[in-house]
file data29.cif (mmCIF, C-alpha atoms)
data_entry
#
loop_
_atom_site.group_PDB
_atom_site.id
_atom_site.type_symbol
_atom_site.label_atom_id
_atom_site.label_comp_id
_atom_site.auth_asym_id
_atom_site.auth_seq_id
_atom_site.Cartn_x
_atom_site.Cartn_y
_atom_site.Cartn_z
ATOM 1 C CA MET I 97 -19.946 8.668 -48.357
ATOM 2 C CA THR I 98 -21.926 6.707 -50.907
ATOM 3 C CA THR I 99 -25.542 5.818 -50.193
ATOM 4 C CA PRO I 100 -27.906 3.225 -51.653
ATOM 5 C CA ASP I 101 -29.874 6.067 -53.265
ATOM 6 C CA ARG I 102 -26.920 7.160 -55.378
ATOM 7 C CA PRO I 103 -26.831 4.724 -58.320
ATOM 8 C CA GLN I 104 -23.306 3.750 -59.249
ATOM 9 C CA LYS I 105 -24.389 1.647 -62.219
ATOM 10 C CA ARG I 106 -27.608 1.876 -64.160
ATOM 11 C CA LYS I 107 -29.524 -1.339 -64.671
ATOM 12 C CA ALA I 108 -28.768 -1.135 -68.385
ATOM 13 C CA ASP I 109 -25.033 -1.177 -67.582
ATOM 14 C CA ARG I 110 -25.157 -4.362 -65.513
ATOM 15 C CA LYS I 111 -24.894 -7.851 -66.956
ATOM 16 C CA ALA I 112 -27.183 -10.596 -65.668
ATOM 17 C CA ILE I 113 -28.476 -13.926 -66.891
ATOM 18 C CA LYS I 114 -31.943 -15.377 -66.325
ATOM 19 C CA THR I 115 -32.736 -18.782 -64.885
ATOM 20 C CA ARG I 116 -35.158 -20.384 -62.426
ATOM 21 C CA ILE I 117 -35.221 -22.215 -59.134
ATOM 22 C CA GLY I 118 -38.398 -24.051 -58.266
ATOM 23 C CA THR I 119 -41.174 -21.768 -59.509
ATOM 24 C CA HIS I 120 -39.167 -18.540 -59.140
ATOM 25 C CA ARG I 121 -37.441 -16.393 -61.729
ATOM 26 C CA LEU I 122 -33.826 -15.496 -60.972
ATOM 27 C CA LEU I 123 -31.304 -12.994 -62.237
ATOM 28 C CA LEU I 124 -27.684 -13.992 -61.710
ATOM 29 C CA ASP I 125 -25.815 -10.700 -61.626
ATOM 30 C CA ASN I 126 -22.255 -10.376 -62.915
ATOM 31 C CA SER I 127 -21.227 -9.141 -59.462
ATOM 32 C CA GLY I 128 -22.046 -12.534 -57.937
ATOM 33 C CA ALA I 129 -25.293 -11.320 -56.360
ATOM 34 C CA LEU I 130 -28.596 -13.137 -56.822
ATOM 35 C CA VAL I 131 -31.774 -11.216 -57.657
ATOM 36 C CA LEU I 132 -35.329 -12.535 -57.289
ATOM 37 C CA PRO I 133 -37.255 -9.768 -59.055
ATOM 38 C CA ASP I 134 -40.742 -11.084 -58.258
ATOM 39 C CA LEU I 135 -39.896 -11.062 -54.538
ATOM 40 C CA SER I 136 -37.923 -7.778 -54.621
ATOM 41 C CA LEU I 137 -35.057 -9.664 -52.983
ATOM 42 C CA VAL I 138 -31.287 -9.655 -53.427
ATOM 43 C CA ALA I 139 -28.979 -12.266 -51.869
ATOM 44 C CA PHE I 140 -25.230 -12.127 -51.240
ATOM 45 C CA ALA I 141 -22.997 -14.991 -50.134
ATOM 46 C CA ASP I 142 -19.797 -15.031 -48.098
ATOM 47 C CA LEU I 143 -19.010 -11.346 -47.685
ATOM 48 C CA HIS I 144 -16.250 -12.101 -45.143
ATOM 49 C CA PHE I 145 -16.145 -8.552 -43.814
ATOM 50 C CA GLU I 146 -12.901 -7.803 -41.942
ATOM 51 C CA LYS I 147 -10.954 -10.750 -43.278
ATOM 52 C CA GLY I 148 -8.003 -8.420 -43.807
ATOM 53 C CA SER I 149 -7.964 -7.303 -40.167
ATOM 54 C CA ALA I 150 -8.358 -10.924 -39.021
ATOM 55 C CA PHE I 151 -5.207 -11.849 -40.952
ATOM 56 C CA ALA I 152 -3.411 -8.773 -39.586
ATOM 57 C CA LYS I 153 -4.073 -10.005 -36.041
ATOM 58 C CA ARG I 154 -2.128 -13.133 -36.975
ATOM 59 C CA GLY I 155 0.745 -11.168 -38.482
ATOM 60 C CA VAL I 156 -0.266 -11.585 -42.135
ATOM 61 C CA LEU I 157 -0.472 -8.010 -43.391
ATOM 62 C CA LEU I 158 -2.985 -7.389 -46.170
ATOM 63 C CA PRO I 159 -4.233 -4.002 -47.411
ATOM 64 C CA PRO I 160 -7.040 -3.070 -44.976
ATOM 65 C CA TYR I 161 -9.580 -2.205 -47.637
ATOM 66 C CA ASP I 162 -11.533 -5.410 -48.127
ATOM 67 C CA SER I 163 -14.628 -4.358 -46.169
ATOM 68 C CA ALA I 164 -14.840 -1.009 -47.977
ATOM 69 C CA THR I 165 -14.416 -2.664 -51.374
ATOM 70 C CA THR I 166 -17.068 -5.285 -50.639
ATOM 71 C CA LEU I 167 -19.450 -2.615 -49.361
ATOM 72 C CA ASP I 168 -18.884 -0.462 -52.466
ATOM 73 C CA ARG I 169 -19.918 -3.403 -54.645
ATOM 74 C CA MET I 170 -22.973 -4.144 -52.492
ATOM 75 C CA GLU I 171 -24.099 -0.513 -52.674
ATOM 76 C CA ALA I 172 -23.853 -0.585 -56.470
ATOM 77 C CA VAL I 173 -26.004 -3.729 -56.697
ATOM 78 C CA LEU I 174 -28.628 -2.412 -54.264
ATOM 79 C CA ALA I 175 -28.757 0.985 -55.964
ATOM 80 C CA CYS I 176 -29.460 -0.785 -59.251
ATOM 81 C CA TYR I 177 -32.113 -3.304 -58.184
ATOM 82 C CA ARG I 178 -33.586 -1.449 -55.143
ATOM 83 C CA PRO I 179 -34.837 -4.576 -53.328
ATOM 84 C CA ASP I 180 -37.158 -4.554 -50.343
ATOM 85 C CA THR I 181 -35.328 -7.524 -48.813
ATOM 86 C CA VAL I 182 -31.651 -8.480 -48.601
ATOM 87 C CA VAL I 183 -30.490 -11.937 -47.509
ATOM 88 C CA CYS I 184 -26.821 -12.471 -46.599
ATOM 89 C CA LEU I 185 -26.178 -16.203 -46.789
ATOM 90 C CA GLY I 186 -23.678 -16.640 -43.975
ATOM 91 C CA ASP I 187 -19.996 -15.923 -43.389
ATOM 92 C CA SER I 188 -20.856 -12.268 -43.737
ATOM 93 C CA PHE I 189 -18.185 -11.494 -41.120
ATOM 94 C CA HIS I 190 -14.915 -13.372 -41.233
ATOM 95 C CA ASP I 191 -15.058 -14.071 -37.504
ATOM 96 C CA ILE I 192 -17.063 -13.214 -34.424
ATOM 97 C CA GLY I 193 -14.909 -10.140 -33.713
ATOM 98 C CA GLY I 194 -15.212 -8.754 -37.232
ATOM 99 C CA GLY I 195 -17.959 -6.297 -36.398
ATOM 100 C CA ALA I 196 -15.969 -4.769 -33.538
ATOM 101 C CA ARG I 197 -12.893 -4.292 -35.779
ATOM 102 C CA MET I 198 -14.828 -2.590 -38.580
ATOM 103 C CA VAL I 199 -13.927 1.070 -39.109
ATOM 104 C CA PRO I 200 -16.795 3.214 -37.743
ATOM 105 C CA SER I 201 -17.453 4.915 -41.089
ATOM 106 C CA ILE I 202 -17.768 1.527 -42.827
ATOM 107 C CA ALA I 203 -19.970 0.168 -40.046
ATOM 108 C CA ALA I 204 -22.218 3.228 -40.395
ATOM 109 C CA ARG I 205 -22.584 2.675 -44.140
ATOM 110 C CA LEU I 206 -23.478 -0.975 -43.599
ATOM 111 C CA ARG I 207 -26.029 -0.086 -40.941
ATOM 112 C CA GLN I 208 -27.579 2.526 -43.229
ATOM 113 C CA LEU I 209 -28.038 -0.108 -45.938
ATOM 114 C CA ALA I 210 -29.628 -2.505 -43.456
ATOM 115 C CA ASP I 211 -31.880 0.115 -41.876
ATOM 116 C CA GLN I 212 -33.472 0.957 -45.227
ATOM 117 C CA ARG I 213 -34.822 -2.521 -46.006
ATOM 118 C CA ASP I 214 -35.653 -5.896 -44.486
ATOM 119 C CA TRP I 215 -32.138 -7.195 -43.879
ATOM 120 C CA ILE I 216 -31.635 -10.859 -43.015
ATOM 121 C CA TRP I 217 -28.387 -12.398 -41.820
ATOM 122 C CA ILE I 218 -28.042 -16.162 -42.198
ATOM 123 C CA GLN I 219 -25.433 -17.357 -39.732
ATOM 124 C CA GLY I 220 -22.473 -19.287 -41.134
ATOM 125 C CA ASN I 221 -19.566 -21.291 -39.821
ATOM 126 C CA HIS I 222 -17.379 -18.152 -39.617
ATOM 127 C CA ASP I 223 -20.036 -15.971 -37.969
ATOM 128 C CA PRO I 224 -22.251 -18.084 -35.707
ATOM 129 C CA GLY I 225 -23.108 -14.856 -33.915
ATOM 130 C CA ILE I 226 -23.929 -11.608 -35.747
ATOM 131 C CA PRO I 227 -22.407 -8.451 -34.184
ATOM 132 C CA ASP I 228 -24.663 -6.732 -31.662
ATOM 133 C CA ASN I 229 -24.494 -3.439 -33.555
ATOM 134 C CA ALA I 230 -25.548 -4.974 -36.881
ATOM 135 C CA ALA I 231 -29.043 -3.973 -37.933
ATOM 136 C CA GLY I 232 -31.397 -6.614 -39.289
ATOM 137 C CA ARG I 233 -32.542 -10.071 -38.223
ATOM 138 C CA ALA I 234 -30.432 -13.208 -37.810
ATOM 139 C CA PHE I 235 -31.445 -16.824 -38.512
ATOM 140 C CA ASP I 236 -29.743 -20.205 -38.825
ATOM 141 C CA SER I 237 -31.754 -20.617 -42.027
ATOM 142 C CA LEU I 238 -34.873 -19.049 -43.463
ATOM 143 C CA GLU I 239 -37.706 -20.728 -45.333
ATOM 144 C CA GLN I 240 -40.162 -18.473 -47.146
ATOM 145 C CA HIS I 241 -41.805 -18.197 -50.570
ATOM 146 C CA ASP I 242 -41.244 -21.967 -51.011
ATOM 147 C CA LEU I 243 -37.480 -21.387 -50.865
ATOM 148 C CA LEU I 244 -34.911 -22.286 -48.238
ATOM 149 C CA PHE I 245 -32.105 -19.767 -47.688
ATOM 150 C CA LEU I 246 -29.174 -21.228 -45.771
ATOM 151 C CA HIS I 247 -25.408 -21.159 -45.556
ATOM 152 C CA GLU I 248 -24.653 -24.688 -46.751
ATOM 153 C CA LEU I 249 -26.880 -26.942 -48.879
ATOM 154 C CA LYS I 250 -28.566 -29.892 -47.193
ATOM 155 C CA GLU I 251 -28.627 -33.084 -49.244
ATOM 156 C CA THR I 252 -31.807 -34.452 -47.642
ATOM 157 C CA VAL I 253 -33.980 -31.350 -48.134
ATOM 158 C CA THR I 254 -36.435 -31.295 -51.058
ATOM 159 C CA THR I 255 -37.407 -27.617 -50.797
ATOM 160 C CA PRO I 256 -35.524 -25.510 -53.397
ATOM 161 C CA GLN I 257 -32.385 -24.238 -51.676
ATOM 162 C CA ILE I 258 -30.198 -21.152 -52.108
ATOM 163 C CA ALA I 259 -26.829 -21.216 -50.330
ATOM 164 C CA GLY I 260 -23.219 -20.098 -50.282
ATOM 165 C CA HIS I 261 -20.322 -21.512 -48.229
ATOM 166 C CA PHE I 262 -18.248 -23.158 -50.976
ATOM 167 C CA HIS I 263 -17.110 -20.082 -52.967
ATOM 168 C CA PRO I 264 -17.480 -22.079 -56.216
ATOM 169 C CA LYS I 265 -15.004 -21.577 -59.027
ATOM 170 C CA VAL I 266 -14.590 -23.331 -62.336
ATOM 171 C CA ARG I 267 -11.678 -23.979 -64.688
ATOM 172 C CA ILE I 268 -12.412 -24.090 -68.389
ATOM 173 C CA LYS I 269 -10.486 -24.114 -71.631
ATOM 174 C CA ALA I 270 -10.813 -20.932 -73.687
ATOM 175 C CA GLY I 271 -8.957 -21.464 -76.944
ATOM 176 C CA PRO I 272 -5.313 -22.147 -76.065
ATOM 177 C CA ARG I 273 -5.763 -20.761 -72.545
ATOM 178 C CA ARG I 274 -7.164 -22.252 -69.375
ATOM 179 C CA ILE I 275 -8.986 -19.794 -67.159
ATOM 180 C CA THR I 276 -10.316 -20.007 -63.612
ATOM 181 C CA ARG I 277 -13.320 -17.914 -62.696
ATOM 182 C CA PRO I 278 -15.975 -17.643 -59.941
ATOM 183 C CA CYS I 279 -19.356 -19.072 -60.793
ATOM 184 C CA PHE I 280 -22.873 -19.856 -59.684
ATOM 185 C CA ILE I 281 -23.753 -23.543 -59.821
ATOM 186 C CA GLY I 282 -27.269 -24.973 -59.808
ATOM 187 C CA ASP I 283 -29.701 -27.537 -61.142
ATOM 188 C CA GLY I 284 -33.101 -25.855 -60.839
ATOM 189 C CA GLN I 285 -33.628 -27.041 -57.265
ATOM 190 C CA ARG I 286 -30.329 -26.068 -55.660
ATOM 191 C CA LEU I 287 -28.169 -23.012 -56.226
ATOM 192 C CA ILE I 288 -24.790 -22.076 -54.760
ATOM 193 C CA LEU I 289 -23.678 -18.471 -55.087
ATOM 194 C CA PRO I 290 -20.078 -17.367 -55.601
ATOM 195 C CA SER I 291 -18.377 -15.533 -52.793
ATOM 196 C CA PHE I 292 -19.055 -11.790 -52.877
ATOM 197 C CA GLY I 293 -16.246 -10.743 -50.534
ATOM 198 C CA ALA I 294 -13.133 -8.976 -51.785
ATOM 199 C CA TYR I 295 -10.620 -11.280 -50.061
ATOM 200 C CA THR I 296 -12.030 -14.722 -50.722
ATOM 201 C CA GLY I 297 -10.700 -17.680 -52.651
ATOM 202 C CA GLY I 298 -12.722 -20.474 -54.189
ATOM 203 C CA LEU I 299 -13.323 -24.201 -54.381
ATOM 204 C CA ASP I 300 -13.250 -26.140 -57.653
ATOM 205 C CA ILE I 301 -16.778 -27.272 -58.608
ATOM 206 C CA MET I 302 -15.211 -30.634 -59.515
ATOM 207 C CA HIS I 303 -14.208 -31.123 -55.878
ATOM 208 C CA PRO I 304 -16.349 -33.867 -54.295
ATOM 209 C CA ALA I 305 -17.691 -31.441 -51.673
ATOM 210 C CA ILE I 306 -19.528 -29.619 -54.473
ATOM 211 C CA ALA I 307 -19.774 -32.275 -57.182
ATOM 212 C CA ASN I 308 -21.533 -34.753 -54.888
ATOM 213 C CA LEU I 309 -24.320 -32.210 -54.343
ATOM 214 C CA PHE I 310 -25.077 -32.236 -58.077
ATOM 215 C CA PRO I 311 -25.055 -35.873 -59.233
ATOM 216 C CA GLY I 312 -27.298 -35.051 -62.206
ATOM 217 C CA PRO I 313 -27.139 -32.324 -64.878
ATOM 218 C CA PHE I 314 -26.270 -28.857 -63.636
ATOM 219 C CA THR I 315 -25.187 -25.510 -65.005
ATOM 220 C CA ALA I 316 -22.208 -23.373 -64.058
ATOM 221 C CA TRP I 317 -22.807 -19.681 -64.700
ATOM 222 C CA VAL I 318 -19.294 -18.293 -65.074
ATOM 223 C CA ILE I 319 -18.400 -14.667 -64.321
ATOM 224 C CA SER I 320 -15.644 -13.360 -66.571
ATOM 225 C CA GLN I 321 -14.554 -9.877 -67.645
ATOM 226 C CA GLY I 322 -17.765 -8.211 -66.532
ATOM 227 C CA SER I 323 -20.104 -10.709 -68.197
ATOM 228 C CA ILE I 324 -21.722 -13.996 -67.190
ATOM 229 C CA TYR I 325 -21.964 -17.150 -69.301
ATOM 230 C CA ALA I 326 -23.934 -20.391 -68.915
ATOM 231 C CA PHE I 327 -22.072 -23.716 -69.205
ATOM 232 C CA PRO I 328 -24.443 -26.724 -68.972
ATOM 233 C CA SER I 329 -22.671 -29.789 -67.633
ATOM 234 C CA GLU I 330 -24.001 -31.953 -70.476
ATOM 235 C CA ILE I 331 -21.845 -30.114 -73.012
ATOM 236 C CA ALA I 332 -19.182 -28.275 -71.009
ATOM 237 C CA HIS I 333 -15.776 -29.691 -70.204
ATOM 238 C CA PHE I 334 -14.711 -28.524 -66.754
ATOM 239 C CA LEU I 335 -11.043 -28.951 -65.962
ATOM 240 C CA PRO I 336 -9.798 -29.956 -62.522
ATOM 241 C CA PHE I 337 -7.625 -27.212 -61.015
ATOM 242 C CA LYS I 338 -4.520 -29.400 -60.822
ATOM 243 C CA SER I 339 -4.572 -30.707 -64.387
#
call {"tool": "encode", "arguments": {"input": "data29.cif", "output": "structure tokens"}}
result
Amino acid sequence: MTTPDRPQKRKADRKAIKTRIGTHRLLLDNSGALVLPDLSLVAFADLHFEKGSAFAKRGVLLPPYDSATTLDRMEAVLACYRPDTVVCLGDSFHDIGGGARMVPSIAARLRQLADQRDWIWIQGNHDPGIPDNAAGRAFDSLEQHDLLFLHELKETVTTPQIAGHFHPKVRIKAGPRRITRPCFIGDGQRLILPSFGAYTGGLDIMHPAIANLFPGPFTAWVISQGSIYAFPSEIAHFLPFKS
């Protein structure tokens, strides 16, 4: 069993890009995790634990390894950055019964991670109730350090916001090819993280549900082949998925 004290990747081996939200420094990790080094905090969005078993209940058989794969990736990030606080930005479990379906060995690993730090669950539309056996604290949203952590951005809020929910992806032209990749998207006051879960799709950042949240200049930080690249909207040409 892996533990958060067994580094799976050294910090020098990880790829991250620096930016800011409000007055805070950020590292956008190539895993899709967000790091606030000055606050010793790491955030994950849309883990969707037990999505595979949820589909299996409906007769759609997927390999039952999504929770283990997602947890492996989380352990690697936490072993690298060693935060005091972890914030999971909602839809951490694919449904209310996800915690009960989790294999006991995987549930024990998750609880060990949560027991070793201040672990905060933001409740999402898929998991309005966090499993009773999940360690940590649960909130609808959390405001601290002049930041608002929540599942879905609120258009009327002026506090800098960090959210998930949309699983943002972007389509860009790379030479003769067109590629689709997960991305962060933000404008210095609002940031949406990509989905961290193993079995999750994505929504085009050109879709009105995302685009309307960023009427001014924004940046898409695109994760591709183990690296992360910044594409400012003023100069980038984002392609709609159906073009």
call {"tool": "closest_residue", "arguments": {"input": "data29.cif", "among": "I:Leu335, I:Thr166, I:Asp300, I:Gly193", "to": "Arg273 (chain I)", "atoms": "only C-alpha atoms"}}
result
I:Leu335
call {"tool": "closest_residue", "arguments": {"input": "data29.cif", "among": "I:His144, I:Ala332, I:Pro200, I:Leu185", "to": "Lys269 (chain I)", "atoms": "all atoms listed in the file"}}
result
I:Ala332
call {"tool": "closest_residue", "arguments": {"input": "data29.cif", "among": "I:Thr181, I:Ser323, I:Ser188, I:Thr315", "to": "Trp215 (chain I)", "atoms": "all atoms listed in the file"}}
result
I:Thr181
call {"tool": "residues_around", "arguments": {"input": "data29.cif", "residues": "region 250-261 of chain I", "least_positions_apart": "3", "cutoff": "9 Å", "atoms": "all atoms listed in the file", "output": "list in words"}}
result
Ile117, Gly118, Ala139, Phe140, Ala141, Asp142, Leu185, Gly186, Asp187, Gly220, Asn221, Glu239, Asp242, Leu243, Leu244, Phe245, Leu246, His247, Pro264, Gly284, Gln285, Arg286, Leu287, Ile288, Leu289, Pro290, Ser291 and Leu309 of chain I
call {"tool": "write_last_selection", "arguments": {"input": "data29.cif", "atoms": "C-alpha atoms", "output": "PDB file, keeping the file's coordinate frame"}}
result
ATOM      1  CA  ILE I 117     -35.221 -22.215 -59.134  1.00  0.00           C
ATOM      2  CA  GLY I 118     -38.398 -24.051 -58.266  1.00  0.00           C
ATOM      3  CA  ALA I 139     -28.979 -12.266 -51.869  1.00  0.00           C
ATOM      4  CA  PHE I 140     -25.230 -12.127 -51.240  1.00  0.00           C
ATOM      5  CA  ALA I 141     -22.997 -14.991 -50.134  1.00  0.00           C
ATOM      6  CA  ASP I 142     -19.797 -15.031 -48.098  1.00  0.00           C
ATOM      7  CA  LEU I 185     -26.178 -16.203 -46.789  1.00  0.00           C
ATOM      8  CA  GLY I 186     -23.678 -16.640 -43.975  1.00  0.00           C
ATOM      9  CA  ASP I 187     -19.996 -15.923 -43.389  1.00  0.00           C
ATOM     10  CA  GLY I 220     -22.473 -19.287 -41.134  1.00  0.00           C
ATOM     11  CA  ASN I 221     -19.566 -21.291 -39.821  1.00  0.00           C
ATOM     12  CA  GLU I 239     -37.706 -20.728 -45.333  1.00  0.00           C
ATOM     13  CA  ASP I 242     -41.244 -21.967 -51.011  1.00  0.00           C
ATOM     14  CA  LEU I 243     -37.480 -21.387 -50.865  1.00  0.00           C
ATOM     15  CA  LEU I 244     -34.911 -22.286 -48.238  1.00  0.00           C
ATOM     16  CA  PHE I 245     -32.105 -19.767 -47.688  1.00  0.00           C
ATOM     17  CA  LEU I 246     -29.174 -21.228 -45.771  1.00  0.00           C
ATOM     18  CA  HIS I 247     -25.408 -21.159 -45.556  1.00  0.00           C
ATOM     19  CA  PRO I 264     -17.480 -22.079 -56.216  1.00  0.00           C
ATOM     20  CA  GLY I 284     -33.101 -25.855 -60.839  1.00  0.00           C
ATOM     21  CA  GLN I 285     -33.628 -27.041 -57.265  1.00  0.00           C
ATOM     22  CA  ARG I 286     -30.329 -26.068 -55.660  1.00  0.00           C
ATOM     23  CA  LEU I 287     -28.169 -23.012 -56.226  1.00  0.00           C
ATOM     24  CA  ILE I 288     -24.790 -22.076 -54.760  1.00  0.00           C
ATOM     25  CA  LEU I 289     -23.678 -18.471 -55.087  1.00  0.00           C
ATOM     26  CA  PRO I 290     -20.078 -17.367 -55.601  1.00  0.00           C
ATOM     27  CA  SER I 291     -18.377 -15.533 -52.793  1.00  0.00           C
ATOM     28  CA  LEU I 309     -24.320 -32.210 -54.343  1.00  0.00           C
TER      29      LEU I 309
END
call {"tool": "closest_residue", "arguments": {"input": "data29.cif", "among": "I:Ala196, I:Ile216, I:Ala305, I:Met170", "to": "Asn229 (chain I)", "atoms": "all atoms listed in the file"}}
result
I:Ala196
call {"tool": "atom_distance", "arguments": {"input": "data29.cif", "atom1": "CA of Asp180 (chain I)", "atom2": "CA of Asp214 (chain I)"}}
result
6.2 Å
call {"tool": "atom_distance", "arguments": {"input": "data29.cif", "atom1": "CA of Arg277 (chain I)", "atom2": "CA of Phe314 (chain I)"}}
result
17.0 Å
call {"tool": "residues_around", "arguments": {"input": "data29.cif", "residues": "Ile275 (chain I)", "least_positions_apart": "3", "cutoff": "10 Å", "atoms": "all atoms listed in the file", "output": "PyMOL selection string"}}
result
chain I and resi 266-272+320+335+337
call {"tool": "residues_near_point", "arguments": {"input": "data29.cif", "point": "(-24.3, -29.1, -68.4)", "cutoff": "12 Å", "atoms": "only C-alpha atoms", "output": "tab-separated table (two decimals) with C-alpha atoms, in the frame of the given file"}}
result
chain	number	residue	atom	x	y	z
I	281	ILE	CA	-23.75	-23.54	-59.82
I	282	GLY	CA	-27.27	-24.97	-59.81
I	283	ASP	CA	-29.70	-27.54	-61.14
I	310	PHE	CA	-25.08	-32.24	-58.08
I	311	PRO	CA	-25.06	-35.87	-59.23
I	312	GLY	CA	-27.30	-35.05	-62.21
I	313	PRO	CA	-27.14	-32.32	-64.88
I	314	PHE	CA	-26.27	-28.86	-63.64
I	315	THR	CA	-25.19	-25.51	-65.00
I	316	ALA	CA	-22.21	-23.37	-64.06
I	317	TRP	CA	-22.81	-19.68	-64.70
I	326	ALA	CA	-23.93	-20.39	-68.92
I	327	PHE	CA	-22.07	-23.72	-69.20
I	328	PRO	CA	-24.44	-26.72	-68.97
I	329	SER	CA	-22.67	-29.79	-67.63
I	330	GLU	CA	-24.00	-31.95	-70.48
I	331	ILE	CA	-21.84	-30.11	-73.01
I	332	ALA	CA	-19.18	-28.28	-71.01
I	333	HIS	CA	-15.78	-29.69	-70.20
I	334	PHE	CA	-14.71	-28.52	-66.75
call {"tool": "atom_distance", "arguments": {"input": "data29.cif", "atom1": "CA of Asp125 (chain I)", "atom2": "CA of Ala112 (chain I)"}}
result
4.3 Å
call {"tool": "closest_residue", "arguments": {"input": "data29.cif", "among": "I:Gly225, I:Lys147, I:Ile319, I:Arg233", "to": "Arg197 (chain I)", "atoms": "only C-alpha atoms"}}
result
I:Lys147
call {"tool": "resolve_selection", "arguments": {"input": "data29.cif", "expression": "the PyMOL selection byres ((chain I and resi 235) around 8)", "output": "number ranges by chain"}}
result
I: 216-219, 233-234, 236-238
call {"tool": "resolve_selection", "arguments": {"input": "data29.cif", "expression": "the PyMOL selection byres ((chain I and resi 120) around 9)", "output": "PyMOL selection string"}}
result
chain I and resi 115-119+121-122+132-135+241+243
call {"tool": "closest_residue", "arguments": {"input": "data29.cif", "among": "I:Phe189, I:Phe145, I:Tyr177, I:Phe292", "to": "His263 (chain I)", "atoms": "all atoms listed in the file"}}
result
I:Phe292
call {"tool": "axis_aligned_box", "arguments": {"input": "data29.cif", "around": "region 227-242 of chain I", "padding_each_side": "8 Å", "output": "JSON"}}
result
{"center_x": -32.1, "center_y": -12.7, "center_z": -41.3, "size_x": 35.4, "size_y": 34.5, "size_z": 35.3}
call {"tool": "decode", "arguments": {"input": "data29.cif", "residues": "region 320-335 of chain I", "atoms": "N, CA and C atoms", "output": "PDB file, in the first residue's frame"}}
result
ATOM      1  N   SER I 320      -0.775  18.803 -21.495  1.00  0.00           N
ATOM      2  CA  SER I 320      -0.539  17.946 -22.653  1.00  0.00           C
ATOM      3  C   SER I 320       0.797  17.247 -22.516  1.00  0.00           C
ATOM      4  N   GLN I 321       0.786  15.927 -22.639  1.00  0.00           N
ATOM      5  CA  GLN I 321       1.995  15.108 -22.645  1.00  0.00           C
ATOM      6  C   GLN I 321       2.911  15.419 -21.462  1.00  0.00           C
ATOM      7  N   GLY I 322       2.312  15.530 -20.288  1.00  0.00           N
ATOM      8  CA  GLY I 322       3.090  15.707 -19.072  1.00  0.00           C
ATOM      9  C   GLY I 322       3.543  17.119 -18.792  1.00  0.00           C
ATOM     10  N   SER I 323       3.203  18.064 -19.638  1.00  0.00           N
ATOM     11  CA  SER I 323       3.568  19.465 -19.429  1.00  0.00           C
ATOM     12  C   SER I 323       2.311  20.316 -19.380  1.00  0.00           C
ATOM     13  N   ILE I 324       2.487  21.610 -19.096  1.00  0.00           N
ATOM     14  CA  ILE I 324       1.357  22.529 -19.029  1.00  0.00           C
ATOM     15  C   ILE I 324       1.759  23.828 -19.714  1.00  0.00           C
ATOM     16  N   TYR I 325       0.848  24.370 -20.523  1.00  0.00           N
ATOM     17  CA  TYR I 325       1.161  25.513 -21.379  1.00  0.00           C
ATOM     18  C   TYR I 325       0.074  26.572 -21.232  1.00  0.00           C
ATOM     19  N   ALA I 326       0.483  27.841 -21.217  1.00  0.00           N
ATOM     20  CA  ALA I 326      -0.451  28.954 -21.081  1.00  0.00           C
ATOM     21  C   ALA I 326      -0.869  29.463 -22.456  1.00  0.00           C
ATOM     22  N   PHE I 327      -2.186  29.616 -22.657  1.00  0.00           N
ATOM     23  CA  PHE I 327      -2.742  30.157 -23.893  1.00  0.00           C
ATOM     24  C   PHE I 327      -3.648  31.330 -23.544  1.00  0.00           C
ATOM     25  N   PRO I 328      -3.124  32.574 -23.580  1.00  0.00           N
ATOM     26  CA  PRO I 328      -3.984  33.741 -23.311  1.00  0.00           C
ATOM     27  C   PRO I 328      -5.032  33.900 -24.408  1.00  0.00           C
ATOM     28  N   SER I 329      -6.235  34.251 -24.020  1.00  0.00           N
ATOM     29  CA  SER I 329      -7.321  34.346 -24.994  1.00  0.00           C
ATOM     30  C   SER I 329      -7.094  35.446 -26.018  1.00  0.00           C
ATOM     31  N   GLU I 330      -6.288  36.457 -25.674  1.00  0.00           N
ATOM     32  CA  GLU I 330      -6.060  37.557 -26.617  1.00  0.00           C
ATOM     33  C   GLU I 330      -5.310  37.097 -27.866  1.00  0.00           C
ATOM     34  N   ILE I 331      -4.518  36.034 -27.740  1.00  0.00           N
ATOM     35  CA  ILE I 331      -3.711  35.603 -28.882  1.00  0.00           C
ATOM     36  C   ILE I 331      -4.004  34.172 -29.319  1.00  0.00           C
ATOM     37  N   ALA I 332      -4.665  33.393 -28.484  1.00  0.00           N
ATOM     38  CA  ALA I 332      -4.926  31.997 -28.817  1.00  0.00           C
ATOM     39  C   ALA I 332      -6.168  31.876 -29.686  1.00  0.00           C
ATOM     40  N   HIS I 333      -6.204  30.840 -30.480  1.00  0.00           N
ATOM     41  CA  HIS I 333      -7.376  30.537 -31.291  1.00  0.00           C
ATOM     42  C   HIS I 333      -7.930  29.197 -30.822  1.00  0.00           C
ATOM     43  N   PHE I 334      -8.987  29.250 -30.036  1.00  0.00           N
ATOM     44  CA  PHE I 334      -9.601  28.021 -29.525  1.00  0.00           C
ATOM     45  C   PHE I 334     -10.651  27.539 -30.507  1.00  0.00           C
ATOM     46  N   LEU I 335     -10.630  26.279 -30.812  1.00  0.00           N
ATOM     47  CA  LEU I 335     -11.537  25.702 -31.792  1.00  0.00           C
ATOM     48  C   LEU I 335     -12.728  25.074 -31.099  1.00  0.00           C
TER      49      LEU I 335
END
